[in-house]
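One file, my_file_36.cif, carrying mmCIF, C-alpha atoms:
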data_structure
#
loop_
_atom_site.label_atom_id
_atom_site.label_comp_id
_atom_site.auth_asym_id
_atom_site.auth_seq_id
_atom_site.Cartn_x
_atom_site.Cartn_y
_atom_site.Cartn_z
CA MET T 17 0.00 0.00 0.00
CA PHE T 18 1.31 3.41 -0.97
CA VAL T 19 0.51 6.29 1.37
CA ASP T 20 1.21 9.79 0.13
CA VAL T 21 2.07 11.41 3.45
CA ASN T 22 2.33 14.92 2.01
CA GLN T 23 -1.12 14.64 0.48
CA ASN T 24 -2.58 13.37 3.76
CA ILE T 25 -1.04 16.23 5.72
CA TRP T 26 -2.39 18.73 3.21
CA ASP T 27 -5.89 17.19 3.38
CA LEU T 28 -5.83 17.33 7.18
CA GLY T 29 -4.71 20.96 7.14
CA ASN T 30 -7.26 21.71 4.45
CA ALA T 31 -10.18 20.41 6.49
CA GLU T 32 -9.45 22.72 9.42
CA GLY T 33 -8.44 25.58 7.14
CA ALA T 34 -11.61 25.27 5.07
CA GLY T 35 -13.65 25.55 8.27
CA ASN T 36 -11.83 28.74 9.19
CA ARG T 37 -12.32 30.15 5.68
CA GLU T 38 -16.06 29.57 5.90
CA TRP T 39 -16.19 31.05 9.40
CA LEU T 40 -14.27 34.13 8.24
CA ALA T 41 -16.27 34.55 5.00
CA HIS T 42 -19.47 34.50 7.00
CA ARG T 43 -18.09 37.51 8.92
CA LYS T 44 -16.70 39.14 5.74
CA ILE T 45 -13.17 38.96 7.13
CA TRP T 46 -10.25 38.52 4.73
CA ALA T 47 -7.17 36.63 5.94
CA LEU T 48 -3.49 36.64 4.97
CA ASN T 49 -0.93 33.93 5.81
CA LEU T 50 2.56 35.49 6.03
CA MET T 51 5.43 33.01 5.87
CA GLY T 52 9.23 33.12 5.72
CA SER T 53 12.51 32.15 7.41
CA PRO T 54 13.40 33.18 10.95
CA GLY T 55 14.76 36.71 10.68
CA ALA T 56 13.47 37.32 7.15
CA GLY T 57 11.78 40.44 8.52
CA LYS T 58 8.12 39.40 8.72
CA THR T 59 7.34 41.39 11.88
CA ALA T 60 9.33 44.41 10.68
CA LEU T 61 7.32 44.28 7.44
CA LEU T 62 4.06 44.33 9.40
CA GLU T 63 5.33 47.26 11.47
CA CYS T 64 5.59 49.21 8.20
CA VAL T 65 2.54 47.94 6.33
CA VAL T 66 -0.10 47.68 9.08
CA PRO T 67 -0.10 51.46 9.76
CA LEU T 68 -0.58 52.05 6.01
CA LEU T 69 -3.57 49.69 6.03
CA ALA T 70 -5.05 51.04 9.23
CA GLY T 71 -6.57 54.11 7.59
CA THR T 72 -8.52 52.01 5.08
CA VAL T 73 -9.22 48.65 6.73
CA ARG T 74 -9.65 47.45 10.28
CA VAL T 75 -6.88 44.87 10.70
CA GLY T 76 -6.06 42.38 13.45
CA VAL T 77 -2.91 40.28 13.73
CA ILE T 78 -2.25 36.72 14.93
CA GLU T 79 1.38 36.04 15.78
CA GLY T 80 2.66 32.45 15.74
CA ASP T 81 5.92 31.70 17.55
CA VAL T 82 7.67 28.75 19.12
CA ALA T 83 8.45 30.85 22.20
CA THR T 84 8.03 34.39 23.62
CA SER T 85 5.43 37.06 22.92
CA ARG T 86 7.99 39.53 21.55
CA ASP T 87 6.41 39.86 18.12
CA ALA T 88 2.93 40.46 19.55
CA GLU T 89 4.35 43.19 21.79
CA ARG T 90 5.86 44.89 18.72
CA ILE T 91 2.54 44.72 16.85
CA ALA T 92 0.54 45.89 19.90
CA ARG T 93 2.54 49.15 19.79
CA LEU T 94 0.89 49.87 16.43
CA GLY T 95 -2.46 50.10 18.23
CA VAL T 96 -4.12 47.17 16.43
CA PRO T 97 -5.64 44.06 18.06
CA VAL T 98 -3.10 41.24 18.28
CA VAL T 99 -2.98 37.71 19.71
CA GLN T 100 0.17 35.69 20.34
CA LEU T 101 0.05 31.95 19.75
CA GLU T 102 3.02 30.44 21.61
CA ILE T 103 3.14 26.91 20.25
CA GLY T 104 6.14 25.30 21.95
CA GLY T 105 8.00 22.63 20.01
CA VAL T 106 5.72 22.81 16.97
CA CYS T 107 7.21 24.14 13.73
CA HIS T 108 4.11 25.59 12.01
CA LEU T 109 0.62 26.94 12.63
CA ASP T 110 -2.39 24.81 11.73
CA GLY T 111 -6.06 25.58 11.26
CA ARG T 112 -6.99 24.58 14.80
CA MET T 113 -4.44 26.93 16.38
CA VAL T 114 -5.55 29.79 14.13
CA ARG T 115 -9.19 29.19 15.09
CA GLN T 116 -8.17 29.61 18.74
CA GLY T 117 -6.38 32.80 17.74
CA LEU T 118 -9.47 34.11 15.93
CA ASP T 119 -11.63 33.39 18.97
CA ALA T 120 -9.15 35.20 21.21
CA LEU T 121 -8.81 38.12 18.79
CA GLY T 122 -12.53 38.88 18.78
CA THR T 123 -13.14 39.51 15.11
CA VAL T 124 -16.45 41.36 15.30
CA ASP T 125 -14.98 44.71 14.20
CA LEU T 126 -12.36 43.49 11.73
CA ASP T 127 -12.08 43.57 7.94
CA ALA T 128 -8.84 41.63 7.78
CA VAL T 129 -6.67 39.29 9.82
CA ILE T 130 -2.96 38.93 9.14
CA ILE T 131 -1.46 35.68 10.43
CA GLU T 132 2.32 35.74 10.88
CA ASN T 133 3.41 32.11 10.75
CA VAL T 134 6.35 30.50 12.57
CA GLY T 135 9.70 31.37 10.99
CA ASN T 136 10.24 28.30 8.79
CA LEU T 137 10.41 27.72 5.02
CA VAL T 138 9.39 24.05 5.18
CA CYS T 139 6.49 22.97 7.36
CA PRO T 140 4.13 26.01 7.23
CA ALA T 141 3.77 25.52 3.46
CA ASP T 142 1.84 22.28 4.10
CA PHE T 143 -0.92 23.79 6.24
CA ASP T 144 -3.96 25.72 5.08
CA LEU T 145 -5.00 28.10 7.85
CA GLY T 146 -8.14 29.37 6.13
CA GLU T 147 -6.38 32.36 4.54
CA ASN T 148 -7.40 34.01 1.27
CA ILE T 149 -3.87 34.98 0.30
CA ARG T 150 -0.50 33.36 1.04
CA LEU T 151 2.55 35.61 1.06
CA ALA T 152 6.18 34.48 1.22
CA VAL T 153 8.86 36.75 2.62
CA LEU T 154 12.48 36.29 1.48
CA SER T 155 15.29 38.60 2.56
CA THR T 156 18.09 39.49 0.13
CA VAL T 157 20.66 38.29 2.66
CA GLU T 158 19.21 34.75 2.62
CA GLY T 159 20.07 34.33 -1.06
CA GLU T 160 17.80 33.84 -4.06
CA ASP T 161 18.61 30.10 -4.17
CA LYS T 162 16.07 29.57 -1.37
CA ILE T 163 13.28 29.80 -3.97
CA VAL T 164 14.42 26.54 -5.58
CA LYS T 165 15.70 24.94 -2.37
CA TYR T 166 12.30 25.28 -0.63
CA PRO T 167 10.00 24.77 -3.63
CA THR T 168 6.74 23.90 -1.83
CA MET T 169 6.75 27.25 -0.06
CA PHE T 170 7.48 29.40 -3.08
CA ARG T 171 5.12 27.46 -5.37
CA ARG T 172 2.14 27.71 -3.06
CA VAL T 173 2.13 31.46 -2.43
CA ASP T 174 0.21 34.21 -4.23
CA ALA T 175 2.99 36.81 -4.05
CA LEU T 176 6.57 37.30 -2.90
CA VAL T 177 7.94 40.07 -0.71
CA ILE T 178 11.69 40.54 -0.93
CA THR T 179 12.86 42.25 2.26
CA LYS T 180 16.13 43.99 3.26
CA PHE T 181 16.51 45.36 -0.25
CA ASP T 182 18.71 48.08 1.26
CA LEU T 183 21.33 45.35 1.87
CA LEU T 184 21.33 44.26 -1.79
CA GLU T 185 24.74 45.79 -2.51
CA HIS T 186 26.26 43.89 0.42
CA THR T 187 25.05 40.44 -0.65
CA PRO T 188 25.48 38.23 -3.71
CA PHE T 189 21.65 38.14 -4.09
CA SER T 190 20.58 38.16 -7.75
CA ILE T 191 17.25 39.91 -8.23
CA ASP T 192 17.06 38.71 -11.86
CA GLU T 193 17.55 35.11 -10.79
CA ALA T 194 14.97 35.51 -7.97
CA LEU T 195 12.34 36.90 -10.36
CA ARG T 196 13.08 34.23 -12.93
CA GLU T 197 12.90 31.33 -10.44
CA PHE T 198 9.74 32.67 -8.76
CA ALA T 199 8.05 33.19 -12.16
CA THR T 200 8.64 29.51 -13.05
CA TRP T 201 5.84 28.52 -10.67
CA GLY T 202 3.40 31.27 -11.61
CA PRO T 203 4.55 34.10 -13.87
CA THR T 204 1.75 36.54 -13.01
CA ARG T 205 2.32 36.58 -9.26
CA PRO T 206 3.51 39.98 -8.02
CA VAL T 207 6.89 40.52 -6.36
CA PHE T 208 7.46 43.43 -3.98
CA ALA T 209 10.97 44.66 -3.17
CA THR T 210 10.96 46.31 0.25
CA ALA T 211 13.34 48.01 2.66
CA VAL T 212 12.44 49.05 6.20
CA PRO T 213 14.96 51.95 6.55
CA THR T 214 13.70 53.74 3.41
CA GLY T 215 10.13 52.42 3.40
CA ALA T 216 10.63 51.30 -0.21
CA GLY T 217 7.90 49.06 -1.56
CA MET T 218 5.66 49.36 1.50
CA ALA T 219 3.01 51.58 -0.13
CA SER T 220 2.78 49.26 -3.16
CA LEU T 221 2.39 46.22 -0.93
CA ALA T 222 -0.25 47.93 1.23
CA GLN T 223 -2.12 49.03 -1.91
CA TRP T 224 -2.06 45.47 -3.28
CA ILE T 225 -3.39 44.09 0.03
CA VAL T 226 -6.21 46.67 0.08
CA GLU T 227 -7.07 45.66 -3.51
CA GLN T 228 -7.17 41.96 -2.48
CA ILE T 229 -9.55 42.82 0.37
CA ARG T 230 -11.74 44.90 -1.98
CA GLN T 231 -11.99 42.00 -4.45
CA PHE T 232 -12.82 39.62 -1.58
CA ARG T 233 -15.65 41.86 -0.39
CA GLN T 234 -16.95 42.68 -3.87
CA PRO T 235 -16.08 39.81 -6.18
CA PRO T 236 -15.90 41.02 -9.79
CA THR T 237 -19.03 40.31 -11.79
CA GLY T 238 -18.90 38.57 -15.16
CA ALA T 239 -19.21 41.96 -16.90
CA ASP T 240 -16.34 43.45 -14.89
CA ARG T 241 -14.16 40.53 -15.80
CA HIS T 242 -14.47 41.25 -19.52
CA VAL T 243 -13.83 44.99 -19.33
CA MET S 1 -3.09 8.84 29.31
CA PHE S 2 -0.51 11.56 28.85
CA VAL S 3 1.92 11.25 25.97
CA ASP S 4 4.87 13.62 25.89
CA VAL S 5 5.28 13.84 22.13
CA ASN S 6 8.48 15.87 22.29
CA GLN S 7 10.10 13.32 24.58
CA ASN S 8 9.04 10.49 22.32
CA ILE S 9 10.48 12.19 19.26
CA TRP S 10 13.74 12.81 21.08
CA ASP S 11 13.94 9.17 22.22
CA LEU S 12 13.26 7.96 18.69
CA GLY S 13 15.91 10.27 17.25
CA ASN S 14 18.27 9.27 20.03
CA ALA S 15 17.99 5.57 19.29
CA GLU S 16 19.05 6.01 15.66
CA GLY S 17 21.58 8.72 16.54
CA ALA S 18 23.17 6.56 19.23
CA GLY S 19 23.61 3.77 16.69
CA ASN S 20 25.39 6.16 14.33
CA ARG S 21 27.60 7.45 17.15
CA GLU S 22 28.69 3.91 18.01
CA TRP S 23 29.27 3.11 14.33
CA LEU S 24 31.35 6.29 13.91
CA ALA S 25 33.30 5.82 17.16
CA HIS S 26 34.24 2.30 16.06
CA ARG S 27 35.82 3.91 12.98
CA LYS S 28 37.34 6.80 15.01
CA ILE S 29 35.31 9.32 13.02
CA TRP S 30 34.19 12.53 14.69
CA ALA S 31 30.91 14.14 13.55
CA LEU S 32 29.51 17.66 13.61
CA ASN S 33 25.83 18.65 13.20
CA LEU S 34 25.61 22.15 11.68
CA MET S 35 22.21 23.83 12.06
CA GLY S 36 20.67 27.22 11.32
CA SER S 37 18.00 29.14 9.38
CA PRO S 38 17.71 29.05 5.61
CA GLY S 39 20.24 31.58 4.33
CA ALA S 40 22.13 31.88 7.62
CA GLY S 41 25.28 31.05 5.68
CA LYS S 42 25.95 27.43 6.65
CA THR S 43 27.33 26.37 3.26
CA ALA S 44 29.34 29.59 2.87
CA LEU S 45 30.84 28.91 6.32
CA LEU S 46 31.87 25.42 5.24
CA GLU S 47 33.40 26.84 2.06
CA CYS S 48 35.71 28.90 4.32
CA VAL S 49 36.36 26.42 7.14
CA VAL S 50 36.70 23.09 5.31
CA PRO S 51 39.84 24.19 3.38
CA LEU S 52 41.38 25.29 6.71
CA LEU S 53 40.64 21.84 8.17
CA ALA S 54 41.76 19.91 5.13
CA GLY S 55 45.47 20.26 5.91
CA THR S 56 45.05 18.69 9.36
CA VAL S 57 42.09 16.31 9.17
CA ARG S 58 40.45 14.30 6.43
CA VAL S 59 36.91 15.65 6.33
CA GLY S 60 33.76 14.54 4.50
CA VAL S 61 30.48 16.44 4.26
CA ILE S 62 26.84 15.33 4.23
CA GLU S 63 24.44 17.97 2.88
CA GLY S 64 20.77 17.83 3.88
CA ASP S 65 18.29 19.76 1.77
CA VAL S 66 14.59 19.69 0.96
CA ALA S 67 15.39 20.05 -2.73
CA THR S 68 18.33 20.45 -5.16
CA SER S 69 21.96 19.37 -4.86
CA ARG S 70 23.29 22.94 -5.07
CA ASP S 71 25.02 22.86 -1.69
CA ALA S 72 26.77 19.56 -2.41
CA GLU S 73 28.01 20.99 -5.72
CA ARG S 74 29.50 23.96 -3.85
CA ILE S 75 31.23 21.66 -1.35
CA ALA S 76 32.46 19.29 -4.08
CA ARG S 77 34.44 22.21 -5.55
CA LEU S 78 36.54 22.17 -2.36
CA GLY S 79 37.81 18.74 -3.33
CA VAL S 80 36.42 16.87 -0.31
CA PRO S 81 34.02 13.89 -0.39
CA VAL S 82 30.39 15.05 -0.20
CA VAL S 83 26.96 13.41 -0.30
CA GLN S 84 23.67 15.22 -0.89
CA LEU S 85 20.59 13.98 0.99
CA GLU S 86 17.57 15.40 -0.86
CA ILE S 87 14.75 14.71 1.58
CA GLY S 88 11.64 16.16 -0.11
CA GLY S 89 8.92 17.46 2.18
CA VAL S 90 10.78 16.62 5.40
CA CYS S 91 11.98 19.50 7.56
CA HIS S 92 15.00 17.92 9.30
CA LEU S 93 17.57 15.16 9.06
CA ASP S 94 17.24 12.11 11.29
CA GLY S 95 19.63 9.34 12.27
CA ARG S 96 18.38 6.96 9.60
CA MET S 97 18.97 9.45 6.77
CA VAL S 98 22.44 10.27 8.08
CA ARG S 99 23.32 6.57 8.22
CA GLN S 100 22.43 6.34 4.51
CA GLY S 101 24.64 9.38 3.94
CA LEU S 102 27.54 7.78 5.84
CA ASP S 103 27.20 4.60 3.79
CA ALA S 104 27.18 6.62 0.57
CA LEU S 105 30.11 8.79 1.69
CA GLY S 106 32.41 5.82 2.28
CA THR S 107 34.03 6.81 5.56
CA VAL S 108 37.06 4.52 5.47
CA ASP S 109 39.57 7.33 5.00
CA LEU S 110 37.90 10.04 7.08
CA ASP S 111 38.68 11.62 10.46
CA ALA S 112 35.59 13.81 10.55
CA VAL S 113 32.15 14.17 8.99
CA ILE S 114 30.35 17.50 8.91
CA ILE S 115 26.58 17.21 8.50
CA GLU S 116 24.86 20.35 7.24
CA ASN S 117 21.25 20.06 8.38
CA VAL S 118 18.15 21.43 6.61
CA GLY S 119 17.77 25.20 7.01
CA ASN S 120 15.35 25.32 9.94
CA LEU S 121 15.60 26.57 13.54
CA VAL S 122 12.83 24.33 14.91
CA CYS S 123 12.69 20.66 13.92
CA PRO S 124 16.39 19.74 13.51
CA ALA S 125 16.97 20.56 17.21
CA ASP S 126 14.86 17.51 18.16
CA PHE S 127 16.92 14.92 16.29
CA ASP S 128 20.19 13.35 17.37
CA LEU S 129 22.11 12.34 14.26
CA GLY S 130 24.96 10.67 16.12
CA GLU S 131 27.14 13.78 16.12
CA ASN S 132 29.76 14.61 18.76
CA ILE S 133 29.27 18.36 18.52
CA ARG S 134 26.21 20.46 17.65
CA LEU S 135 26.81 23.90 16.18
CA ALA S 136 24.19 26.61 15.63
CA VAL S 137 24.67 29.27 12.98
CA LEU S 138 22.92 32.63 13.37
CA SER S 139 23.45 35.52 10.96
CA THR S 140 23.53 39.09 12.24
CA VAL S 141 20.78 40.03 9.78
CA GLU S 142 18.36 37.53 11.37
CA GLY S 143 18.41 39.42 14.68
CA GLU S 144 19.65 38.29 18.08
CA ASP S 145 16.08 37.70 19.30
CA LYS S 146 16.11 34.34 17.48
CA ILE S 147 18.13 32.90 20.40
CA VAL S 148 15.15 33.28 22.74
CA LYS S 149 12.48 32.72 20.10
CA TYR S 150 13.89 29.30 19.13
CA PRO S 151 15.12 28.14 22.55
CA THR S 152 15.43 24.39 21.92
CA MET S 153 17.94 24.96 19.14
CA PHE S 154 20.16 27.41 21.00
CA ARG S 155 20.01 25.48 24.29
CA ARG S 156 21.04 22.17 22.76
CA VAL S 157 24.17 23.26 20.88
CA ASP S 158 27.80 23.20 22.02
CA ALA S 159 28.79 26.47 20.35
CA LEU S 160 27.37 29.36 18.33
CA VAL S 161 28.70 30.77 15.08
CA ILE S 162 27.51 34.28 14.27
CA THR S 163 27.76 34.78 10.52
CA LYS S 164 27.60 37.89 8.27
CA PHE S 165 29.41 39.93 10.92
CA ASP S 166 30.47 42.28 8.11
CA LEU S 167 26.80 43.39 7.92
CA LEU S 168 26.66 44.28 11.63
CA GLU S 169 26.66 48.02 11.01
CA HIS S 170 23.68 47.66 8.64
CA THR S 171 21.45 45.75 11.09
CA PRO S 172 20.02 46.39 14.54
CA PHE S 173 21.72 43.18 15.77
CA SER S 174 23.01 43.52 19.36
CA ILE S 175 26.10 41.41 19.92
CA ASP S 176 25.94 42.08 23.70
CA GLU S 177 22.37 40.85 23.85
CA ALA S 178 23.24 37.79 21.72
CA LEU S 179 26.14 36.82 23.98
CA ARG S 180 24.05 37.40 27.10
CA GLU S 181 21.08 35.34 25.86
CA PHE S 182 23.26 32.50 24.56
CA ALA S 183 25.21 32.39 27.86
CA THR S 184 21.94 31.91 29.80
CA TRP S 185 21.79 28.31 28.60
CA GLY S 186 25.48 27.50 29.05
CA PRO S 187 27.93 30.27 29.90
CA THR S 188 31.09 28.40 28.87
CA ARG S 189 30.04 27.62 25.33
CA PRO S 190 32.18 29.42 22.74
CA VAL S 191 30.80 31.98 20.31
CA PHE S 192 32.55 32.68 17.00
CA ALA S 193 31.89 35.88 15.07
CA THR S 194 32.57 35.27 11.38
CA ALA S 195 32.47 37.10 8.05
CA VAL S 196 33.00 35.46 4.67
CA PRO S 197 34.32 38.56 2.80
CA THR S 198 37.11 39.20 5.34
CA GLY S 199 37.55 35.64 6.60
CA ALA S 200 37.16 36.92 10.16
CA GLY S 201 36.71 34.21 12.77
CA MET S 202 37.28 31.32 10.36
CA ALA S 203 40.74 30.38 11.69
CA SER S 204 39.48 30.39 15.30
CA LEU S 205 36.54 28.20 14.39
CA ALA S 206 38.72 25.76 12.43
CA GLN S 207 41.18 25.64 15.34
CA TRP S 208 38.37 24.88 17.78
CA ILE S 209 37.03 22.10 15.53
CA VAL S 210 40.50 20.54 15.24
CA GLU S 211 40.80 20.67 19.04
CA GLN S 212 37.42 18.92 19.41
CA ILE S 213 38.57 16.18 17.05
CA ARG S 214 41.86 15.83 18.96
CA GLN S 215 39.97 15.45 22.26
CA PHE S 216 37.65 12.88 20.65
CA ARG S 217 40.59 10.81 19.42
CA GLN S 218 42.63 11.20 22.61
CA PRO S 219 40.22 11.72 25.51
CA PRO S 220 41.91 13.59 28.35
CA THR S 221 43.14 11.33 31.15
CA GLY S 222 42.19 11.98 34.78
CA ALA S 223 45.56 13.66 35.32
CA ASP S 224 45.08 16.00 32.33
CA ARG S 225 41.68 17.04 33.59
CA HIS S 226 43.09 18.44 36.81
CA VAL S 227 45.90 20.42 35.23
#
Rendering of file as structure tokens:
Amino acid sequence: MFVDVNQNIWDLGNAEGAGNREWLAHRKIWALNLMGSPGAGKTALLECVVPLLAGTVRVGVIEGDVATSRDAERIARLGVPVVQLEIGGVCHLDGRMVRQGLDALGTVDLDAVIIENVGNLVCPADFDLGENIRLAVLSTVEGEDKIVKYPTMFRRVDALVITKFDLLEHTPFSIDEALREFATWGPTRPVFATAVPTGAGMASLAQWIVEQIRQFRQPPTGADRHV
Amino acid sequence: MFVDVNQNIWDLGNAEGAGNREWLAHRKIWALNLMGSPGAGKTALLECVVPLLAGTVRVGVIEGDVATSRDAERIARLGVPVVQLEIGGVCHLDGRMVRQGLDALGTVDLDAVIIENVGNLVCPADFDLGENIRLAVLSTVEGEDKIVKYPTMFRRVDALVITKFDLLEHTPFSIDEALREFATWGPTRPVFATAVPTGAGMASLAQWIVEQIRQFRQPPTGADRHV
């Protein structure tokens, strides 16, 4: 008997994730699953983007970490609702954990929930949390080869955010190679190049997120689609 | 009934790891388990350190990756024996995989095997591969908070290598904080600050590795210990 373990894990994650998606849709709440390596700059990215969103959409954040509530404390300073999931020895969030986070967050007044996953390029890619959009974060200093070395992650996301673009000149990162490799698995997916010190790329990313939320709330009609 | 899953995983990993350790000890081969985030600079570190070791010890390398044989190709250029373990959707190496790597490597002429684990700060920490020394790699650009956010990894290693020290001035990384946090879990463990462009710290690290191998091959006698 052949058992496809990866498929089984995905199905399991899907079942819980699908429940979350239904629960969120019923409340008209859009959700984003933000993934990347430890230290890729996921929390720093949220510190820049969440304030840009806050004028337009009411956003809450769920922080997933193996240990500490440091990231949630950073997000709380932005003045948005945040919940820390401290998950111990587990290497990823799953739908059940996120549901607990949603319950704790109190979603009644929210338009969007951003879920920052555990820093890990492998395991989180296998679990559907109920999100509408999956975003991968890759810092220039990690190297563009990560896109092919961790293929499940970079294949299964809707867009890529390249962080620490201000350090580009100090690393052998090839932006051409990164764009080329990422496009292999979906050539129309957007790529945002960002830098915290200059704020580069943050407005574009925020604008794209707002557009995703708008489309979620008002799906294009058949007529719109053909304009 | 209460099942401590983490303990069970550790015991399972230990059983296979212990077998490898015995197998290696019988052949007088010392082994190192090198762990860190994706893009922390593990392979780049080996590209600097392995040539420094090669004059003194005969070293082989086992590369663990989710996908591609890129790292093994980089190591092969150094002229040392190398085996790539391409482990698909799995997020860590375990003792069984490493045993396959050892068989493929052909260890008859080796003094030391360096095992580069999958880029991941969570799961690899739970698996004993049969190594004598566990080394964690943390790049300055990841941030020193990773030491407390991924405690199992940084508690269970024998030494810390800080990489990309040449980028220190471009990041908010606090070396004082890193040393303080790492010392909490074992104050006598060495920390090496390294930079590939300048070669800083590489000689010290190589020297320390050679000393570990020497101690493994000639364990200190009771008299030596009290000197």
Review point. Could you pull the residues within 10 Å of Gly199 (chain S), counting only C-alpha atoms, minus those fewer than 2 positions along the same chain, as an MDAnalysis selection string?
Key: chainID S and resid 45 48:49 166 194:197 201:203
Review point. If you apply the PyMOL selection byres ((chain T) within 10 of (chain S)) to this file, what residues do you get, as an MDAnalysis selection string?
Key: chainID T and resid 21:22 52:57 81:87 102 104:108 134:139 141:142 154:162 164:168 180 182:183 186:187 213
Practice item. Could you tell me which residues the PyMOL selection byres ((chain T and resi 90) around 12) returns for this structure, as an MDAnalysis selection string? Key: chainID T and resid 58:64 66 77 79 84:89 91:100
Who sits within 12 Å of Gly202 (chain T), all atoms listed in the file, same chain under 5 positions skipped, as a tab-separated table (two decimals) with C-alpha atoms, in the coordinates of the input:
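The resulting file, result.tsv, is reproduced below:
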chain	number	residue	atom	x	y	z
T	170	PHE	CA	7.48	29.40	-3.08
T	171	ARG	CA	5.12	27.46	-5.37
T	172	ARG	CA	2.14	27.71	-3.06
T	173	VAL	CA	2.13	31.46	-2.43
T	174	ASP	CA	0.21	34.21	-4.23
T	175	ALA	CA	2.99	36.81	-4.05
T	176	LEU	CA	6.57	37.30	-2.90
T	195	LEU	CA	12.34	36.90	-10.36
T	196	ARG	CA	13.08	34.23	-12.93
T	197	GLU	CA	12.90	31.33	-10.44
T	207	VAL	CA	6.89	40.52	-6.36
Practice item. Please provide the set of residues having any atom within 12 Å of Phe216 (chain S), restricted to only C-alpha atoms, with same-chain residues fewer than 4 positions apart removed, written as a ChimeraX atom specification. Key: /S:21,24-25,27-32,111-112,131-133,209-212,220-221
Residue subset to file, keeping C-alpha atoms, as a CSV table (one decimal), in the coordinates of the input:
chain,number,residue,atom,x,y,z
S,21,ARG,CA,27.6,7.4,17.2
S,24,LEU,CA,31.4,6.3,13.9
S,25,ALA,CA,33.3,5.8,17.2
S,27,ARG,CA,35.8,3.9,13.0
S,28,LYS,CA,37.3,6.8,15.0
S,29,ILE,CA,35.3,9.3,13.0
S,30,TRP,CA,34.2,12.5,14.7
S,31,ALA,CA,30.9,14.1,13.6
S,32,LEU,CA,29.5,17.7,13.6
S,111,ASP,CA,38.7,11.6,10.5
S,112,ALA,CA,35.6,13.8,10.6
S,131,GLU,CA,27.1,13.8,16.1
S,132,ASN,CA,29.8,14.6,18.8
S,133,ILE,CA,29.3,18.4,18.5
S,209,ILE,CA,37.0,22.1,15.5
S,210,VAL,CA,40.5,20.5,15.2
S,211,GLU,CA,40.8,20.7,19.0
S,212,GLN,CA,37.4,18.9,19.4
S,220,PRO,CA,41.9,13.6,28.4
S,221,THR,CA,43.1,11.3,31.2
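Across the structure, CA of Arg96 (chain S) and CA of His26 (chain S) are spaced 17.7 Å apart.
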Point to revise | Separation of CA of Asp125 (chain T) from CA of Pro235 (chain T) in Å | key: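 Value for the CA of Pro235 (chain T)-CA of Asp125 (chain T) distance: 21.0 Å.
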Practice item. For the structure provided, state which residues fall under the PyMOL selection byres ((chain S and resi 100) around 12), and present them as a VMD selection string. Key: chain S and resid 16 20 62 to 64 83 to 87 93 to 99 101 to 107 129
Final N, CA, C and O atoms of region 138-146 of chain S as an mmCIF file, in the frame of the given file:
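Written file, out_9.cif:
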data_model
loop_
_atom_site.group_PDB
_atom_site.id
_atom_site.type_symbol
_atom_site.label_atom_id
_atom_site.label_comp_id
_atom_site.auth_asym_id
_atom_site.auth_seq_id
_atom_site.Cartn_x
_atom_site.Cartn_y
_atom_site.Cartn_z
ATOM 1 N N LEU S 138 23.901 31.528 13.345
ATOM 2 C CA LEU S 138 22.920 32.630 13.370
ATOM 3 C C LEU S 138 23.554 33.815 12.665
ATOM 4 O O LEU S 138 24.643 34.253 13.044
ATOM 5 N N SER S 139 22.885 34.355 11.649
ATOM 6 C CA SER S 139 23.450 35.520 10.960
ATOM 7 C C SER S 139 22.999 36.798 11.655
ATOM 8 O O SER S 139 21.900 36.864 12.222
ATOM 9 N N THR S 140 23.867 37.805 11.606
ATOM 10 C CA THR S 140 23.530 39.090 12.240
ATOM 11 C C THR S 140 22.204 39.631 11.707
ATOM 12 O O THR S 140 21.407 40.176 12.469
ATOM 13 N N VAL S 141 21.969 39.449 10.407
ATOM 14 C CA VAL S 141 20.780 40.030 9.780
ATOM 15 C C VAL S 141 19.478 39.369 10.222
ATOM 16 O O VAL S 141 18.395 39.912 10.009
ATOM 17 N N GLU S 142 19.576 38.180 10.843
ATOM 18 C CA GLU S 142 18.360 37.530 11.370
ATOM 19 C C GLU S 142 17.871 38.190 12.655
ATOM 20 O O GLU S 142 16.701 38.076 13.002
ATOM 21 N N GLY S 143 18.781 38.806 13.399
ATOM 22 C CA GLY S 143 18.410 39.420 14.680
ATOM 23 C C GLY S 143 18.725 38.497 15.842
ATOM 24 O O GLY S 143 18.534 37.286 15.768
ATOM 25 N N GLU S 144 19.223 39.085 16.926
ATOM 26 C CA GLU S 144 19.650 38.290 18.080
ATOM 27 C C GLU S 144 18.472 37.709 18.860
ATOM 28 O O GLU S 144 18.636 36.797 19.670
ATOM 29 N N ASP S 145 17.256 38.214 18.573
ATOM 30 C CA ASP S 145 16.080 37.700 19.300
ATOM 31 C C ASP S 145 15.783 36.246 18.956
ATOM 32 O O ASP S 145 15.035 35.578 19.675
ATOM 33 N N LYS S 146 16.357 35.739 17.865
ATOM 34 C CA LYS S 146 16.110 34.340 17.480
ATOM 35 C C LYS S 146 16.589 33.372 18.572
ATOM 36 O O LYS S 146 16.054 32.270 18.709
#
